[in-house]
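Visitor: My file is my_file.cif. It has mmCIF, C-alpha atoms:
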data_my_file
loop_
_atom_site.label_atom_id
_atom_site.label_comp_id
_atom_site.auth_asym_id
_atom_site.auth_seq_id
_atom_site.Cartn_x
_atom_site.Cartn_y
_atom_site.Cartn_z
CA MET T 1 15.74 -2.61 -21.11
CA ASP T 2 16.36 0.58 -19.15
CA TRP T 3 13.41 2.26 -20.83
CA ILE T 4 11.03 -0.44 -19.66
CA VAL T 5 12.40 -0.29 -16.12
CA ALA T 6 12.10 3.51 -16.04
CA ALA T 7 8.53 3.41 -17.39
CA LEU T 8 7.52 0.78 -14.82
CA ILE T 9 9.07 2.80 -11.98
CA VAL T 10 7.21 5.95 -13.03
CA LEU T 11 3.93 4.02 -13.46
CA GLY T 12 4.18 2.30 -10.08
CA THR T 13 5.02 5.41 -8.10
CA ALA T 14 2.34 7.37 -9.97
CA PHE T 15 -0.16 4.75 -8.83
CA ALA T 16 1.13 5.12 -5.27
CA LEU T 17 0.53 8.86 -5.52
CA ILE T 18 -2.96 8.39 -7.01
CA GLY T 19 -3.91 5.89 -4.32
CA SER T 20 -2.80 8.24 -1.54
CA LEU T 21 -4.71 11.06 -3.21
CA GLY T 22 -7.79 8.86 -3.20
CA LEU T 23 -7.21 8.09 0.47
CA LEU T 24 -7.16 11.79 1.19
CA ARG T 25 -9.97 13.00 -1.07
CA MET T 26 -12.68 10.33 -0.96
CA GLY T 27 -15.86 10.96 0.94
CA ASP T 28 -16.35 8.20 3.48
CA PHE T 29 -14.41 5.22 4.82
CA TYR T 30 -15.79 2.63 2.42
CA LEU T 31 -14.73 4.74 -0.55
CA ARG T 32 -11.35 5.43 1.01
CA LEU T 33 -10.69 1.70 1.23
CA HIS T 34 -10.26 1.56 -2.56
CA GLY T 35 -7.09 3.65 -2.84
CA PRO T 36 -4.56 1.71 -0.75
CA THR T 37 -5.54 -1.61 -2.30
CA LYS T 38 -4.70 -0.17 -5.72
CA ILE T 39 -1.32 0.90 -4.34
CA THR T 40 -0.63 -2.59 -3.09
CA THR T 41 -1.66 -4.53 -6.17
CA PHE T 42 -0.81 -2.32 -9.13
CA GLY T 43 1.77 0.15 -7.83
CA LEU T 44 3.89 -2.34 -5.94
CA GLY T 45 3.38 -4.91 -8.71
CA CYS T 46 4.87 -2.49 -11.25
CA LEU T 47 7.74 -1.57 -8.94
CA LEU T 48 8.62 -5.18 -8.18
CA LEU T 49 8.48 -6.07 -11.88
CA ALA T 50 10.81 -3.13 -12.58
CA SER T 51 13.20 -4.37 -9.91
CA VAL T 52 13.15 -7.93 -11.27
CA LEU T 53 13.92 -6.63 -14.79
CA HIS T 54 16.64 -4.31 -13.47
CA PHE T 55 18.49 -7.03 -11.61
CA ALA T 56 17.92 -9.57 -14.38
CA SER T 57 19.53 -7.23 -16.91
CA ARG T 58 22.62 -7.14 -14.66
CA GLY T 59 22.74 -10.91 -14.47
CA ARG T 60 21.48 -11.24 -10.91
CA PHE T 61 18.11 -12.90 -10.75
CA GLY T 62 16.82 -13.00 -7.19
CA LEU T 63 13.86 -14.62 -5.54
CA HIS T 64 13.37 -11.86 -2.97
CA GLU T 65 11.22 -9.64 -5.17
CA ILE T 66 8.86 -12.47 -6.03
CA LEU T 67 8.65 -13.35 -2.34
CA VAL T 68 7.75 -9.76 -1.39
CA SER T 69 5.12 -9.49 -4.14
CA LEU T 70 3.59 -12.86 -3.26
CA PHE T 71 3.36 -11.91 0.41
CA LEU T 72 1.81 -8.53 -0.35
CA PHE T 73 -0.70 -9.97 -2.83
CA ILE T 74 -1.82 -12.52 -0.26
CA THR T 75 -2.06 -10.18 2.72
CA ALA T 76 -3.59 -7.06 1.13
CA PRO T 77 -7.16 -8.45 0.72
CA VAL T 78 -7.06 -9.91 4.24
CA SER T 79 -6.23 -6.59 5.89
CA ALA T 80 -8.77 -4.71 3.75
CA HIS T 81 -11.45 -7.23 4.67
CA LEU T 82 -10.66 -6.95 8.38
CA LEU T 83 -10.74 -3.15 8.20
CA ALA T 84 -14.11 -3.20 6.43
CA LYS T 85 -15.45 -5.59 9.08
CA ALA T 86 -14.23 -3.26 11.84
CA ALA T 87 -15.85 -0.26 10.12
CA LEU T 88 -19.17 -2.11 9.76
CA HIS T 89 -18.96 -3.13 13.41
CA LEU T 90 -18.42 0.48 14.50
CA HIS T 91 -21.36 1.69 12.27
CA LEU T 92 -19.30 4.27 10.38
CA PRO T 93 -21.41 6.65 8.26
CA SER T 94 -21.68 5.84 4.55
CA GLN T 95 -22.66 8.00 1.59
CA ALA T 96 -24.54 5.18 -0.06
CA SER T 97 -28.26 4.99 0.51
CA PRO T 98 -29.38 2.05 2.63
CA PRO T 99 -30.64 -0.98 0.68
CA ARG T 100 -34.35 -1.21 0.00
CA ARG T 101 -36.18 -3.76 2.08
CA GLN T 102 -37.40 -6.65 -0.03
CA GLY T 103 -41.01 -7.73 0.13
CA GLY T 104 -42.23 -4.72 2.19
CA MET M 24 17.01 8.26 -18.27
CA MET M 25 17.06 5.85 -15.37
CA GLN M 26 18.24 8.59 -13.01
CA TRP M 27 15.33 10.86 -13.89
CA ALA M 28 12.80 8.08 -13.46
CA VAL M 29 14.18 7.24 -10.02
CA ILE M 30 14.16 10.91 -8.99
CA ALA M 31 10.56 11.34 -10.19
CA GLY M 32 9.63 8.14 -8.35
CA PHE M 33 11.16 9.39 -5.10
CA ALA M 34 9.31 12.72 -5.48
CA MET M 35 5.93 11.05 -6.09
CA LEU M 36 6.44 8.62 -3.22
CA THR M 37 7.28 11.52 -0.88
CA LEU M 38 4.09 13.28 -1.93
CA ALA M 39 2.16 10.04 -1.33
CA PHE M 40 3.67 9.86 2.18
CA VAL M 41 2.56 13.43 2.89
CA LEU M 42 -1.02 12.78 1.67
CA ALA M 43 -1.36 9.60 3.73
CA PHE M 44 0.04 11.41 6.76
CA VAL M 45 -2.53 14.19 6.38
CA ARG M 46 -5.24 11.51 6.40
CA LEU M 47 -3.62 9.98 9.49
CA LEU M 48 -3.84 13.30 11.31
CA ARG M 49 -7.30 14.29 10.06
CA GLY M 50 -9.09 10.91 9.95
CA PRO M 51 -12.46 11.35 11.63
CA HIS M 52 -12.73 7.77 12.88
CA ALA M 53 -10.31 5.14 14.15
CA PRO M 54 -10.47 2.84 11.04
CA ASP M 55 -9.44 5.81 8.88
CA ARG M 56 -6.28 6.18 10.91
CA VAL M 57 -5.57 2.45 10.74
CA LEU M 58 -6.05 2.59 6.97
CA ALA M 59 -3.62 5.53 6.77
CA LEU M 60 -1.04 3.53 8.74
CA ASP M 61 -1.59 0.61 6.36
CA THR M 62 -0.96 2.93 3.39
CA LEU M 63 2.18 4.28 5.07
CA TYR M 64 3.73 0.84 5.44
CA VAL M 65 2.91 -0.10 1.87
CA ASP M 66 4.53 3.16 0.74
CA THR M 67 7.56 2.31 2.87
CA VAL M 68 7.90 -1.04 1.09
CA ALA M 69 7.72 0.79 -2.26
CA LEU M 70 10.37 3.27 -1.10
CA LEU M 71 12.73 0.49 -0.03
CA ILE M 72 12.33 -1.33 -3.35
CA LEU M 73 13.03 1.89 -5.25
CA LEU M 74 16.09 2.50 -3.04
CA GLY M 75 17.32 -1.00 -3.84
CA VAL M 76 17.03 -0.29 -7.57
CA HIS M 77 18.71 3.11 -7.14
CA LEU M 78 21.67 1.87 -5.10
CA ASP M 79 21.89 -1.34 -7.16
CA SER M 80 21.83 -3.48 -4.05
CA SER M 81 19.57 -6.45 -3.32
CA LEU M 82 20.05 -6.06 0.43
CA TYR M 83 16.99 -3.85 0.76
CA PHE M 84 14.50 -6.56 -0.16
CA GLU M 85 15.04 -8.25 3.17
CA ALA M 86 14.10 -5.02 4.93
CA ALA M 87 11.09 -4.62 2.62
CA LEU M 88 9.91 -8.14 3.40
CA LEU M 89 10.35 -7.55 7.14
CA ILE M 90 8.40 -4.28 7.04
CA ALA M 91 5.62 -5.91 5.00
CA LEU M 92 5.37 -8.72 7.56
CA VAL M 93 5.30 -6.46 10.62
CA GLY M 94 2.91 -4.01 8.94
CA PHE M 95 0.44 -6.77 8.09
CA VAL M 96 0.53 -8.15 11.62
CA SER M 97 0.03 -4.68 13.10
CA THR M 98 -2.90 -3.92 10.78
CA VAL M 99 -4.57 -7.21 11.69
CA ALA M 100 -4.00 -6.58 15.40
CA LEU M 101 -5.38 -3.04 15.25
CA SER M 102 -8.49 -3.97 13.28
CA ARG M 103 -9.08 -6.93 15.57
CA TYR M 104 -8.84 -4.58 18.53
CA LEU M 105 -11.41 -2.30 16.88
CA LEU M 106 -13.64 -5.29 16.17
CA ARG M 107 -13.50 -7.06 19.53
CA GLY M 108 -12.34 -4.46 22.04
CA ARG M 109 -9.42 -6.63 23.11
CA LEU M 110 -6.57 -8.39 21.39
CA PHE M 111 -6.52 -11.87 22.91
CA ASP M 112 -9.49 -13.93 23.91
#
Output the structure of this file as structure tokens.
Guide:
Amino acid sequence: MDWIVAALIVLGTAFALIGSLGLLRMGDFYLRLHGPTKITTFGLGCLLLASVLHFASRGRFGLHEILVSLFLFITAPVSAHLLAKAALHLHLPSQASPPRRQGG
Amino acid sequence: MMQWAVIAGFAMLTLAFVLAFVRLLRGPHAPDRVLALDTLYVDTVALLILLGVHLDSSLYFEAALLIALVGFVSTVALSRYLLRGRLFD
């Protein structure tokens, strides 16, 4: 059981590192929005699963971890959507070419 | 085995904090800085969960839940301020 917990901890924190690296290295805001959402869903999902397994192997099964993961999974898309709306409202520059106008 | 995984996890999370903080300082526009703050609170939740596993205590999940709640509310408030120019209508 300890091997699985250790592997999940390393995987989750590696995803946190990769997401922060993406936040730092990507070109414009709309690309940068990808990294932190991966941290929230996959990195924290792995860490919370590791914590559930760790405490379950010691005979203490808690509901706190599931509560934290449920809350984060619900709120992460909402905050990302609001940030994207704010960026569109402020007309931030994007690397993507503007869409072609249909029907001339 | 477990000790090494926790130590590697703490090291990678610290590096993630540093990278997000560099984006917070550099960010050319305001939504970049808000996104960096969002990443910082998510990393804080991850750090607290890892600390709870390391110290074998389930007390830290309450703190993680509280920080997740306050961080979400602050992100929503900041992006709403950027969107509308004021917080309350």
Visitor: I need the output of the PyMOL selection byres ((chain T) within 6 of (chain M)) for this file as a VMD selection string; which residues are they?
Guide: chain T and resid 6 10 13 17 20 24 36 68 83 86
Visitor: If I wrap all listed atoms of segment 69-81 of chain M in a box with edges along x, y and z and add 6 Å on each side, what are its centre and edge lengths in Å to one decimal, as JSON?
Guide:
{"center_x": 14.8, "center_y": -1.6, "center_z": -3.8, "size_x": 26.2, "size_y": 21.7, "size_z": 19.5}
Visitor: So how far away is atom CA of His81 of chain T from atom CA of Gly27 of chain T, in Å?
Guide: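 Atom CA of His81 of chain T lies 19.1 Å from atom CA of Gly27 of chain T.
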Visitor: Between T:Ala56, T:Leu44, T:Ala16, T:Leu31, which one has atoms that come closest to Phe71 of chain T, using all atoms listed in the file?
Guide: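 Selected residue with least distance to Phe71 of chain T: T:Leu44.
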Visitor: Considering only C-alpha atoms, state which residue in the set M:Tyr64, M:Ala86, M:Phe111, M:Leu48 is at the smallest distance from Ala76 of chain T.
Guide: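 Among the listed residues, the smallest separation from Ala76 of chain T belongs to M:Tyr64.
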Visitor: Provide the atom CA of Leu72 of chain T to atom CA of His54 of chain T distance in Å, to one decimal place.
Guide: 20.2 Å
Visitor: Report as a ChimeraX atom specification the residues that result from applying the PyMOL selection byres ((chain T and resi 66) around 10) to the structure here.
Guide: /T:45,48-49,51-52,62-65,67-72
Visitor: Any idea what the distance is between atom CA of Asp2 of chain T and atom CA of Phe42 of chain T?
Guide: 20.1 Å
Visitor: What do you get, as a list of chain:residue names, if you spell out every residue that the PyMOL selection byres ((chain T and resi 30) around 10) selects here?
Guide: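 For this structure, the PyMOL selection byres ((chain T and resi 30) around 10) captures T:Met26, T:Gly27, T:Asp28, T:Phe29, T:Leu31, T:Arg32, T:Leu33, T:His34, T:Leu83, T:Ala84, T:Ala87, T:Leu88, T:Leu92, T:Pro93, T:Ser94, T:Gln95, T:Ala96, M:Asp55.
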Visitor: In terms of the shortest atom-to-atom distance over all atoms listed in the file, which of T:Pro98, T:His91, T:Leu11, T:Thr37 is closest to Val78 of chain T?
Guide: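 Once distances to Val78 of chain T are computed over all atoms listed in the file, the minimum belongs to T:Thr37.
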